[in-house]
Amino acid sequence: MTIQQLLSNQALLNQQERRESNARSYPRRIPLAIKEAEGVHVTDMEGKMYIDCLAGAGTLALGHNHPVIIEAMERVIRDKRPLHTLDLTTPVKEEFITELFSFLPEGFRERAKIQFCGPTGGDAIEAAMKLVKTATGRQSILTFQGGYHGATHGTMAISGNLSPKKGVHGLMPDTHFLPYPYTYRCPFGVGGEATHEISARYIENLLDDPESGILPPAAMILETVQGEGGSIPAPIKWLREMRRITRERGIPLIIDEVQTGIGRTGKVFSFEHAGIVPDVIVLSKAIGGSLPLSVVVYDKDLDVWGPGAHIGTFRGNQMAMATGIATLRYLKENQLEKHAALLGESLLTTLSELQKDVPEIGEVRGRGLMVGVEIIDPNRPASSSGSHPANAELASRIQRECFDRGLILEVGGRHGAVVRFLPPLIITQEQLQEVISIFRDAVLASVER
């Protein structure tokens, strides 16, 4: 097939289906071949423009092809900087570390060490688990129902989603799942404020019970807002309790900031909402300024592993460090985290107003520009905590209606029934209003069928 014959969406999608793995996912729900991209927009092969509220699953903090990102790339090439250095240092690398550390909480900054990992967040989570196991000499990992930490053998073991695990045997042992405070679908069947209170009490009792069956853990890992789990923000009080419980028992606390970090939730780091400081922070996605990069930042007391304990050929991605510097500086200079907080609040408020008119919207939730709308079947009986069954079919229909109208959104959460908003942090109020308008029309068209 010639290049000219491929210049259509369907031709490229057909070619992709013939040649790519069955593991491909996004094209099944978002049938798109992208020709151009700028800011919050992408344009397909036939000239149709879409607002991209997926943004590389949260990777594109500054949107597509932002001028400061392009300039950073051009500067690396123009100055003949190395592109790949393993873990040898360079001025760009030291500059990146300095910029990143400047955002850390003051008490943590002076004690911080950094490990550059392979290019994915999953590899950084693997590194974090190896780090804490080495430092503590323990083997158990505490994780949470509904959490997502990657698709590698180890990270799949600590993630809640069951379907990818069914065909993969022998996952990492000594993984223990705890109840996340998902208020709408309360794991204890009560809902409301009691959800996080019972969760905290349960976890504390579990750790103190000499016959709990769980050996003293090497770490607890959590997302302050569960992303793939359905944009579920943990209550601030609960996060503070998790920090207290782990600190009092000498359990390292790992915060997975792969999707929540770098301004996404309205703070540079999502744990800042709770005023806590973890022992380990895992960063990827936005930290590379749209290019592959992942790091683990941790307290120096944990730095007991030896040379080569975690390696990866592409941990020296200099171009990504340069674009990462550009992203962090732009974030700081333009206070994008405050912009995300302001627009996120506007989005939550407007979607909550829509919820009043649409009973198929069970809950609107999120933090900053990380928002989810849970779609339900209000005609089926509610649970003891008041939540109606998920309606994945309707959520998919809404997603398709949005796509047909020029808006790219993703679905996730339990049963794939949560429509998720992850726009670039540079989105304007006017663009956000257009997103809301398209979404409203798509919802109303979908529920009327």
# chains A, B, ... in the order shown; residues from 1 in each chain; ligands from 1
>>> closest_atom_pairs(of="stretch 184-294 of chain A", to="stretch 412-428 of chain A", cutoff="6 Å", atoms="only C-alpha atoms", output="CSV")
residue,atom,partner,partner_atom,distance
A:Glu228,CA,A:Gly412,CA,5.6
A:Gly229,CA,A:Gly413,CA,4.3
A:Gly230,CA,A:Gly413,CA,3.6
>>> residues_around(residues="stretch 387-398 of chain A", least_positions_apart="4", cutoff="10 Å", atoms="only C-alpha atoms", output="PyMOL selection string")
chain A and resi 29+183-186+189+191+360-363+373-383+402-404+409-419+439-447+449
>>> write_last_selection(atoms="N, CA and C atoms", output="short mmCIF file (atom, residue, chain, number, x, y, z; two decimals), in the first residue's frame")
data_model
loop_
_atom_site.label_atom_id
_atom_site.label_comp_id
_atom_site.auth_asym_id
_atom_site.auth_seq_id
_atom_site.Cartn_x
_atom_site.Cartn_y
_atom_site.Cartn_z
N ARG A 29 -11.51 2.22 21.01
CA ARG A 29 -12.55 3.13 21.51
C ARG A 29 -12.47 4.51 20.87
N THR A 183 -16.18 6.40 48.22
CA THR A 183 -17.41 6.73 48.94
C THR A 183 -18.66 6.32 48.19
N TYR A 184 -18.68 6.53 46.87
CA TYR A 184 -19.90 6.24 46.10
C TYR A 184 -20.20 4.75 46.09
N ARG A 185 -19.17 3.92 45.94
CA ARG A 185 -19.34 2.47 46.00
C ARG A 185 -18.57 1.96 47.22
N CYS A 186 -19.07 2.31 48.38
CA CYS A 186 -18.38 2.05 49.64
C CYS A 186 -18.10 0.55 49.81
N GLY A 189 -20.32 -0.83 52.45
CA GLY A 189 -21.76 -0.75 52.28
C GLY A 189 -22.45 0.33 53.08
N GLY A 191 -21.25 4.10 52.91
CA GLY A 191 -21.18 5.36 52.20
C GLY A 191 -20.92 6.55 53.11
N GLU A 360 -28.93 9.41 35.07
CA GLU A 360 -27.93 8.40 34.69
C GLU A 360 -26.52 8.78 35.12
N ILE A 361 -26.36 10.02 35.61
CA ILE A 361 -25.07 10.41 36.18
C ILE A 361 -25.12 10.13 37.68
N GLY A 362 -24.37 9.12 38.10
CA GLY A 362 -24.40 8.72 39.51
C GLY A 362 -23.56 9.61 40.39
N GLU A 363 -22.37 9.99 39.91
CA GLU A 363 -21.51 10.85 40.71
C GLU A 363 -20.58 11.63 39.80
N VAL A 373 -16.92 11.18 35.65
CA VAL A 373 -18.38 11.18 35.72
C VAL A 373 -18.82 9.72 35.66
N GLU A 374 -19.37 9.21 36.76
CA GLU A 374 -19.78 7.81 36.81
C GLU A 374 -21.20 7.65 36.26
N ILE A 375 -21.32 6.77 35.28
CA ILE A 375 -22.60 6.55 34.59
C ILE A 375 -23.27 5.30 35.16
N ILE A 376 -24.55 5.43 35.49
CA ILE A 376 -25.26 4.35 36.18
C ILE A 376 -26.58 4.03 35.47
N ASP A 377 -27.21 2.97 35.94
CA ASP A 377 -28.57 2.64 35.53
C ASP A 377 -29.50 2.94 36.71
N PRO A 378 -30.17 4.09 36.70
CA PRO A 378 -31.00 4.48 37.85
C PRO A 378 -32.27 3.64 37.99
N ASN A 379 -32.55 2.81 36.99
CA ASN A 379 -33.76 2.00 37.03
C ASN A 379 -33.54 0.65 37.71
N ARG A 380 -32.30 0.35 38.04
CA ARG A 380 -32.01 -0.87 38.76
C ARG A 380 -31.78 -0.55 40.24
N PRO A 381 -32.04 -1.51 41.14
CA PRO A 381 -31.97 -1.24 42.58
C PRO A 381 -30.60 -0.73 43.02
N ALA A 382 -30.62 0.18 44.00
CA ALA A 382 -29.38 0.73 44.56
C ALA A 382 -28.82 -0.22 45.60
N SER A 383 -27.51 -0.07 45.86
CA SER A 383 -26.84 -0.86 46.90
C SER A 383 -27.18 -0.29 48.27
N CYS A 402 -19.45 11.90 22.04
CA CYS A 402 -18.46 12.98 22.20
C CYS A 402 -17.47 12.97 21.04
N PHE A 403 -16.97 11.78 20.72
CA PHE A 403 -15.99 11.65 19.64
C PHE A 403 -16.57 12.14 18.32
N ASP A 404 -17.79 11.75 18.03
CA ASP A 404 -18.43 12.18 16.78
C ASP A 404 -18.60 13.69 16.72
N LEU A 409 -12.52 11.80 24.87
CA LEU A 409 -12.54 11.46 26.28
C LEU A 409 -12.28 9.97 26.42
N GLU A 410 -11.83 9.56 27.60
CA GLU A 410 -11.60 8.15 27.87
C GLU A 410 -12.62 7.65 28.89
N VAL A 411 -12.86 6.34 28.88
CA VAL A 411 -13.67 5.73 29.92
C VAL A 411 -12.79 4.82 30.77
N GLY A 412 -13.17 4.64 32.02
CA GLY A 412 -12.40 3.80 32.93
C GLY A 412 -13.25 3.45 34.14
N GLY A 413 -12.58 3.13 35.24
CA GLY A 413 -13.30 2.82 36.46
C GLY A 413 -13.95 1.46 36.45
N ARG A 414 -14.71 1.18 37.52
CA ARG A 414 -15.39 -0.11 37.62
C ARG A 414 -16.30 -0.34 36.42
N HIS A 415 -16.12 -1.48 35.76
CA HIS A 415 -16.94 -1.88 34.61
C HIS A 415 -16.80 -0.92 33.42
N GLY A 416 -15.79 -0.04 33.44
CA GLY A 416 -15.63 0.91 32.34
C GLY A 416 -16.77 1.90 32.24
N ALA A 417 -17.33 2.30 33.38
CA ALA A 417 -18.52 3.15 33.38
C ALA A 417 -18.25 4.58 33.83
N VAL A 418 -16.99 4.99 33.89
CA VAL A 418 -16.65 6.35 34.30
C VAL A 418 -16.06 7.09 33.10
N VAL A 419 -16.69 8.18 32.70
CA VAL A 419 -16.15 9.03 31.65
C VAL A 419 -15.15 9.98 32.29
N PHE A 439 -19.99 17.76 25.74
CA PHE A 439 -20.30 16.64 26.64
C PHE A 439 -21.79 16.65 27.00
N ARG A 440 -22.32 17.81 27.31
CA ARG A 440 -23.75 17.91 27.66
C ARG A 440 -24.62 17.40 26.50
N ASP A 441 -24.32 17.85 25.29
CA ASP A 441 -25.09 17.41 24.13
C ASP A 441 -24.97 15.90 23.93
N ALA A 442 -23.78 15.37 24.13
CA ALA A 442 -23.55 13.94 23.94
C ALA A 442 -24.31 13.13 24.98
N VAL A 443 -24.31 13.59 26.21
CA VAL A 443 -25.04 12.89 27.29
C VAL A 443 -26.53 12.88 26.97
N LEU A 444 -27.07 14.04 26.65
CA LEU A 444 -28.51 14.15 26.41
C LEU A 444 -28.92 13.30 25.19
N ALA A 445 -28.08 13.29 24.16
CA ALA A 445 -28.39 12.46 22.99
C ALA A 445 -28.33 10.98 23.33
N SER A 446 -27.43 10.61 24.20
CA SER A 446 -27.24 9.20 24.56
C SER A 446 -28.36 8.68 25.44
N VAL A 447 -28.80 9.48 26.39
CA VAL A 447 -29.83 8.99 27.32
C VAL A 447 -31.22 9.02 26.69
N ARG A 449 -31.93 7.85 23.75
CA ARG A 449 -32.09 6.72 22.82
C ARG A 449 -32.97 5.63 23.42
#
>>> select_by_dssp(residues="stretch 107-258 of chain A", states="strand (DSSP E)", output="ChimeraX atom specification")
/A:112-116,141-144,175-178,219-222,225-226,232-233,253-256
>>> residues_around(residues="stretch 39-43 of chain A", least_positions_apart="4", cutoff="12 Å", atoms="only C-alpha atoms", output="count of residues only")
41
>>> atom_distance(atom1="atom CA of A:Lys130", atom2="atom CA of A:Pro235")
28.5 Å
>>> select_by_dssp(residues="stretch 372-422 of chain A", states="helix (DSSP H, G or I)", output="ChimeraX atom specification")
/A:392-404,414-416
>>> write_last_selection(atoms="C-alpha atoms", output="PDB file, in the first residue's frame")
ATOM      1  CA  ALA A 392     -20.823   0.672  30.898  1.00  0.00           C
ATOM      2  CA  GLU A 393     -22.868   0.518  27.705  1.00  0.00           C
ATOM      3  CA  LEU A 394     -24.204   4.041  28.221  1.00  0.00           C
ATOM      4  CA  ALA A 395     -20.743   5.347  29.174  1.00  0.00           C
ATOM      5  CA  SER A 396     -19.335   3.965  25.909  1.00  0.00           C
ATOM      6  CA  ARG A 397     -22.223   5.499  23.984  1.00  0.00           C
ATOM      7  CA  ILE A 398     -21.502   8.890  25.550  1.00  0.00           C
ATOM      8  CA  GLN A 399     -17.837   8.525  24.656  1.00  0.00           C
ATOM      9  CA  ARG A 400     -18.732   7.759  21.031  1.00  0.00           C
ATOM     10  CA  GLU A 401     -21.187  10.662  20.863  1.00  0.00           C
ATOM     11  CA  CYS A 402     -18.464  12.984  22.197  1.00  0.00           C
ATOM     12  CA  PHE A 403     -15.993  11.654  19.636  1.00  0.00           C
ATOM     13  CA  ASP A 404     -18.432  12.176  16.785  1.00  0.00           C
ATOM     14  CA  ARG A 414     -15.389  -0.112  37.624  1.00  0.00           C
ATOM     15  CA  HIS A 415     -16.936  -1.881  34.609  1.00  0.00           C
ATOM     16  CA  GLY A 416     -15.628   0.914  32.340  1.00  0.00           C
TER      17      GLY A 416
END
>>> closest_residue(among="A:Ile255, A:Val277, A:Leu104, A:Leu178", to="A:Leu206", atoms="only C-alpha atoms")
A:Leu178
>>> atom_distance(atom1="atom CA of A:Thr152", atom2="atom CA of A:Gly122")
6.4 Å
>>> atom_distance(atom1="atom CA of A:Ala135", atom2="atom CA of A:Asp301")
8.2 Å
>>> closest_residue(among="A:Ile203, A:Met220, A:Ala326, A:Phe144", to="A:Val76", atoms="only C-alpha atoms")
A:Ala326
>>> residues_around(residues="stretch 85-93 of chain A", least_positions_apart="3", cutoff="7 Å", atoms="only C-alpha atoms", output="list in words")
Pro82, Phe96, Ile97, Thr313, Phe314, Arg315, Gly316, Gln318, Met321 and Ala322 of chain A
>>> residues_around(residues="A:His196", least_positions_apart="5", cutoff="10 Å", atoms="only C-alpha atoms", output="mmCIF file with N, CA and C atoms, in the first residue's frame")
data_model
loop_
_atom_site.group_PDB
_atom_site.id
_atom_site.type_symbol
_atom_site.label_atom_id
_atom_site.label_comp_id
_atom_site.auth_asym_id
_atom_site.auth_seq_id
_atom_site.Cartn_x
_atom_site.Cartn_y
_atom_site.Cartn_z
ATOM 1 N N PRO A 179 -8.978 -1.788 51.479
ATOM 2 C CA PRO A 179 -10.154 -1.055 50.973
ATOM 3 C C PRO A 179 -9.866 0.442 50.794
ATOM 4 N N TYR A 180 -10.000 0.896 49.557
ATOM 5 C CA TYR A 180 -9.828 2.323 49.248
ATOM 6 C C TYR A 180 -11.135 3.061 49.585
ATOM 7 N N PRO A 181 -11.065 4.273 50.071
ATOM 8 C CA PRO A 181 -12.286 4.999 50.462
ATOM 9 C C PRO A 181 -13.059 5.548 49.261
ATOM 10 N N TYR A 182 -13.647 4.636 48.512
ATOM 11 C CA TYR A 182 -14.474 4.940 47.349
ATOM 12 C C TYR A 182 -15.886 5.177 47.874
ATOM 13 N N THR A 183 -16.183 6.403 48.224
ATOM 14 C CA THR A 183 -17.412 6.731 48.945
ATOM 15 C C THR A 183 -18.664 6.317 48.193
ATOM 16 N N CYS A 186 -19.072 2.313 48.378
ATOM 17 C CA CYS A 186 -18.382 2.049 49.636
ATOM 18 C C CYS A 186 -18.100 0.553 49.813
ATOM 19 N N PRO A 187 -16.845 0.171 50.041
ATOM 20 C CA PRO A 187 -16.529 -1.253 50.227
ATOM 21 C C PRO A 187 -17.150 -1.849 51.485
ATOM 22 N N PHE A 188 -17.647 -0.990 52.373
ATOM 23 C CA PHE A 188 -18.273 -1.466 53.610
ATOM 24 C C PHE A 188 -19.797 -1.351 53.567
ATOM 25 N N GLY A 191 -21.255 4.098 52.914
ATOM 26 C CA GLY A 191 -21.184 5.364 52.204
ATOM 27 C C GLY A 191 -20.920 6.548 53.112
ATOM 28 N N ARG A 201 -9.619 2.742 60.200
ATOM 29 C CA ARG A 201 -9.633 1.888 61.396
ATOM 30 C C ARG A 201 -9.328 0.434 61.037
ATOM 31 N N TYR A 202 -9.899 -0.023 59.921
ATOM 32 C CA TYR A 202 -9.658 -1.392 59.478
ATOM 33 C C TYR A 202 -8.173 -1.619 59.206
ATOM 34 N N ALA A 234 -9.075 10.433 47.117
ATOM 35 C CA ALA A 234 -9.107 10.000 48.517
ATOM 36 C C ALA A 234 -9.389 11.206 49.402
ATOM 37 N N PRO A 235 -10.238 11.052 50.418
ATOM 38 C CA PRO A 235 -10.476 12.157 51.346
ATOM 39 C C PRO A 235 -9.179 12.602 52.018
ATOM 40 N N ILE A 236 -9.059 13.899 52.233
ATOM 41 C CA ILE A 236 -7.841 14.461 52.831
ATOM 42 C C ILE A 236 -7.570 13.851 54.203
ATOM 43 N N LYS A 237 -8.615 13.699 55.029
ATOM 44 C CA LYS A 237 -8.426 13.118 56.364
ATOM 45 C C LYS A 237 -7.866 11.708 56.276
ATOM 46 N N TRP A 238 -8.336 10.950 55.306
ATOM 47 C CA TRP A 238 -7.875 9.569 55.143
ATOM 48 C C TRP A 238 -6.403 9.531 54.755
ATOM 49 N N LEU A 239 -5.999 10.419 53.851
ATOM 50 C CA LEU A 239 -4.591 10.477 53.457
ATOM 51 C C LEU A 239 -3.698 10.792 54.657
ATOM 52 N N GLU A 241 -4.383 10.088 57.716
ATOM 53 C CA GLU A 241 -4.384 8.890 58.550
ATOM 54 C C GLU A 241 -3.415 7.836 58.000
#
>>> residues_around(residues="A:Glu17", least_positions_apart="6", cutoff="12 Å", atoms="only C-alpha atoms", output="list in words")
Gln10, Ala11, Ala23, Arg24, Ser25, Pro27, Arg28 and Pro31 of chain A
>>> write_last_selection(atoms="N, CA and C atoms", output="PDB file, in the first residue's frame")
ATOM      1  N   GLN A  10      -9.528   5.598   7.896  1.00  0.00           N
ATOM      2  CA  GLN A  10      -9.891   4.184   7.861  1.00  0.00           C
ATOM      3  C   GLN A  10      -8.764   3.324   7.300  1.00  0.00           C
ATOM      4  N   ALA A  11      -8.063   3.834   6.289  1.00  0.00           N
ATOM      5  CA  ALA A  11      -6.963   3.056   5.723  1.00  0.00           C
ATOM      6  C   ALA A  11      -5.875   2.804   6.758  1.00  0.00           C
ATOM      7  N   ALA A  23      -3.174  -6.487  21.763  1.00  0.00           N
ATOM      8  CA  ALA A  23      -3.123  -5.751  23.025  1.00  0.00           C
ATOM      9  C   ALA A  23      -3.391  -4.263  22.840  1.00  0.00           C
ATOM     10  N   ARG A  24      -3.448  -3.788  21.592  1.00  0.00           N
ATOM     11  CA  ARG A  24      -3.729  -2.365  21.399  1.00  0.00           C
ATOM     12  C   ARG A  24      -5.084  -2.043  22.023  1.00  0.00           C
ATOM     13  N   SER A  25      -5.199  -0.860  22.596  1.00  0.00           N
ATOM     14  CA  SER A  25      -6.414  -0.557  23.359  1.00  0.00           C
ATOM     15  C   SER A  25      -7.120   0.704  22.882  1.00  0.00           C
ATOM     16  N   PRO A  27      -7.193   2.623  20.185  1.00  0.00           N
ATOM     17  CA  PRO A  27      -7.862   2.701  18.876  1.00  0.00           C
ATOM     18  C   PRO A  27      -9.196   1.970  18.823  1.00  0.00           C
ATOM     19  N   ARG A  28      -9.421   1.036  19.732  1.00  0.00           N
ATOM     20  CA  ARG A  28     -10.693   0.315  19.734  1.00  0.00           C
ATOM     21  C   ARG A  28     -11.844   1.229  20.167  1.00  0.00           C
ATOM     22  N   PRO A  31     -11.348   5.635  17.351  1.00  0.00           N
ATOM     23  CA  PRO A  31     -10.884   5.274  16.012  1.00  0.00           C
ATOM     24  C   PRO A  31     -10.355   6.484  15.253  1.00  0.00           C
TER      25      PRO A  31
END
>>> closest_residue(among="A:Met319, A:Met129, A:Met156, A:Val225", to="A:His273", atoms="only C-alpha atoms")
A:Val225
>>> residues_around(residues="stretch 287-296 of chain A", least_positions_apart="5", cutoff="6 Å", atoms="only C-alpha atoms", output="list in words")
Thr59, Leu60, Ile114, Gln115, Phe116, Cys117, Pro119, Thr120, Gly121, Ala124, Ile281, Val282, Ala320, Thr323, Gly324 and Thr327 of chain A
>>> decode(residues="stretch 91-147 of chain A", atoms="C-alpha atoms", output="PDB file, in the first residue's frame")
ATOM      1  CA  PRO A  91      24.610  19.681  32.663  1.00  0.00           C
ATOM      2  CA  VAL A  92      21.061  19.006  31.398  1.00  0.00           C
ATOM      3  CA  LYS A  93      20.604  16.179  33.882  1.00  0.00           C
ATOM      4  CA  GLU A  94      21.861  18.241  36.824  1.00  0.00           C
ATOM      5  CA  GLU A  95      19.656  21.134  35.754  1.00  0.00           C
ATOM      6  CA  PHE A  96      16.629  18.832  35.619  1.00  0.00           C
ATOM      7  CA  ILE A  97      17.293  17.492  39.115  1.00  0.00           C
ATOM      8  CA  THR A  98      17.744  20.998  40.510  1.00  0.00           C
ATOM      9  CA  GLU A  99      14.474  22.162  38.941  1.00  0.00           C
ATOM     10  CA  LEU A 100      12.542  19.121  40.151  1.00  0.00           C
ATOM     11  CA  PHE A 101      13.950  19.294  43.684  1.00  0.00           C
ATOM     12  CA  SER A 102      12.949  22.955  43.922  1.00  0.00           C
ATOM     13  CA  PHE A 103       9.301  21.801  43.958  1.00  0.00           C
ATOM     14  CA  LEU A 104       9.729  19.284  46.769  1.00  0.00           C
ATOM     15  CA  PRO A 105       8.478  20.075  50.285  1.00  0.00           C
ATOM     16  CA  GLU A 106      11.227  21.835  52.199  1.00  0.00           C
ATOM     17  CA  GLY A 107      11.902  19.096  54.751  1.00  0.00           C
ATOM     18  CA  PHE A 108      11.987  16.434  52.067  1.00  0.00           C
ATOM     19  CA  ARG A 109      14.123  18.421  49.624  1.00  0.00           C
ATOM     20  CA  GLU A 110      17.234  18.313  51.798  1.00  0.00           C
ATOM     21  CA  ARG A 111      16.907  14.543  52.279  1.00  0.00           C
ATOM     22  CA  ALA A 112      15.931  13.597  48.726  1.00  0.00           C
ATOM     23  CA  LYS A 113      17.720  11.153  46.448  1.00  0.00           C
ATOM     24  CA  ILE A 114      16.680  10.405  42.880  1.00  0.00           C
ATOM     25  CA  GLN A 115      16.773   7.279  40.718  1.00  0.00           C
ATOM     26  CA  PHE A 116      16.306   7.600  36.958  1.00  0.00           C
ATOM     27  CA  CYS A 117      14.433   4.619  35.579  1.00  0.00           C
ATOM     28  CA  GLY A 118      13.367   3.201  32.258  1.00  0.00           C
ATOM     29  CA  PRO A 119      11.023   5.412  30.263  1.00  0.00           C
ATOM     30  CA  THR A 120       7.712   4.252  31.772  1.00  0.00           C
ATOM     31  CA  GLY A 121       5.933   4.833  35.045  1.00  0.00           C
ATOM     32  CA  GLY A 122       5.611   1.069  35.449  1.00  0.00           C
ATOM     33  CA  ASP A 123       9.397   0.698  35.534  1.00  0.00           C
ATOM     34  CA  ALA A 124       9.647   3.425  38.179  1.00  0.00           C
ATOM     35  CA  ILE A 125       7.056   1.622  40.327  1.00  0.00           C
ATOM     36  CA  GLU A 126       9.120  -1.570  39.958  1.00  0.00           C
ATOM     37  CA  ALA A 127      12.175   0.379  41.111  1.00  0.00           C
ATOM     38  CA  ALA A 128      10.293   1.804  44.095  1.00  0.00           C
ATOM     39  CA  MET A 129       9.225  -1.672  45.211  1.00  0.00           C
ATOM     40  CA  LYS A 130      12.781  -3.001  44.903  1.00  0.00           C
ATOM     41  CA  LEU A 131      14.031   0.017  46.839  1.00  0.00           C
ATOM     42  CA  VAL A 132      11.751  -0.442  49.842  1.00  0.00           C
ATOM     43  CA  LYS A 133      12.193  -4.201  49.948  1.00  0.00           C
ATOM     44  CA  THR A 134      15.965  -3.767  49.951  1.00  0.00           C
ATOM     45  CA  ALA A 135      15.883  -1.028  52.582  1.00  0.00           C
ATOM     46  CA  THR A 136      13.503  -2.777  54.985  1.00  0.00           C
ATOM     47  CA  GLY A 137      14.433  -6.402  54.394  1.00  0.00           C
ATOM     48  CA  ARG A 138      10.699  -7.157  54.193  1.00  0.00           C
ATOM     49  CA  GLN A 139       8.617  -8.622  51.387  1.00  0.00           C
ATOM     50  CA  SER A 140       4.932  -7.660  51.700  1.00  0.00           C
ATOM     51  CA  ILE A 141       3.449  -4.727  49.756  1.00  0.00           C
ATOM     52  CA  LEU A 142       0.209  -3.082  50.870  1.00  0.00           C
ATOM     53  CA  THR A 143      -1.828  -1.734  47.978  1.00  0.00           C
ATOM     54  CA  PHE A 144      -5.443  -0.719  47.354  1.00  0.00           C
ATOM     55  CA  GLN A 145      -8.505  -2.036  45.610  1.00  0.00           C
ATOM     56  CA  GLY A 146      -9.118  -0.044  42.446  1.00  0.00           C
ATOM     57  CA  GLY A 147      -5.519   1.101  42.178  1.00  0.00           C
TER      58      GLY A 147
END
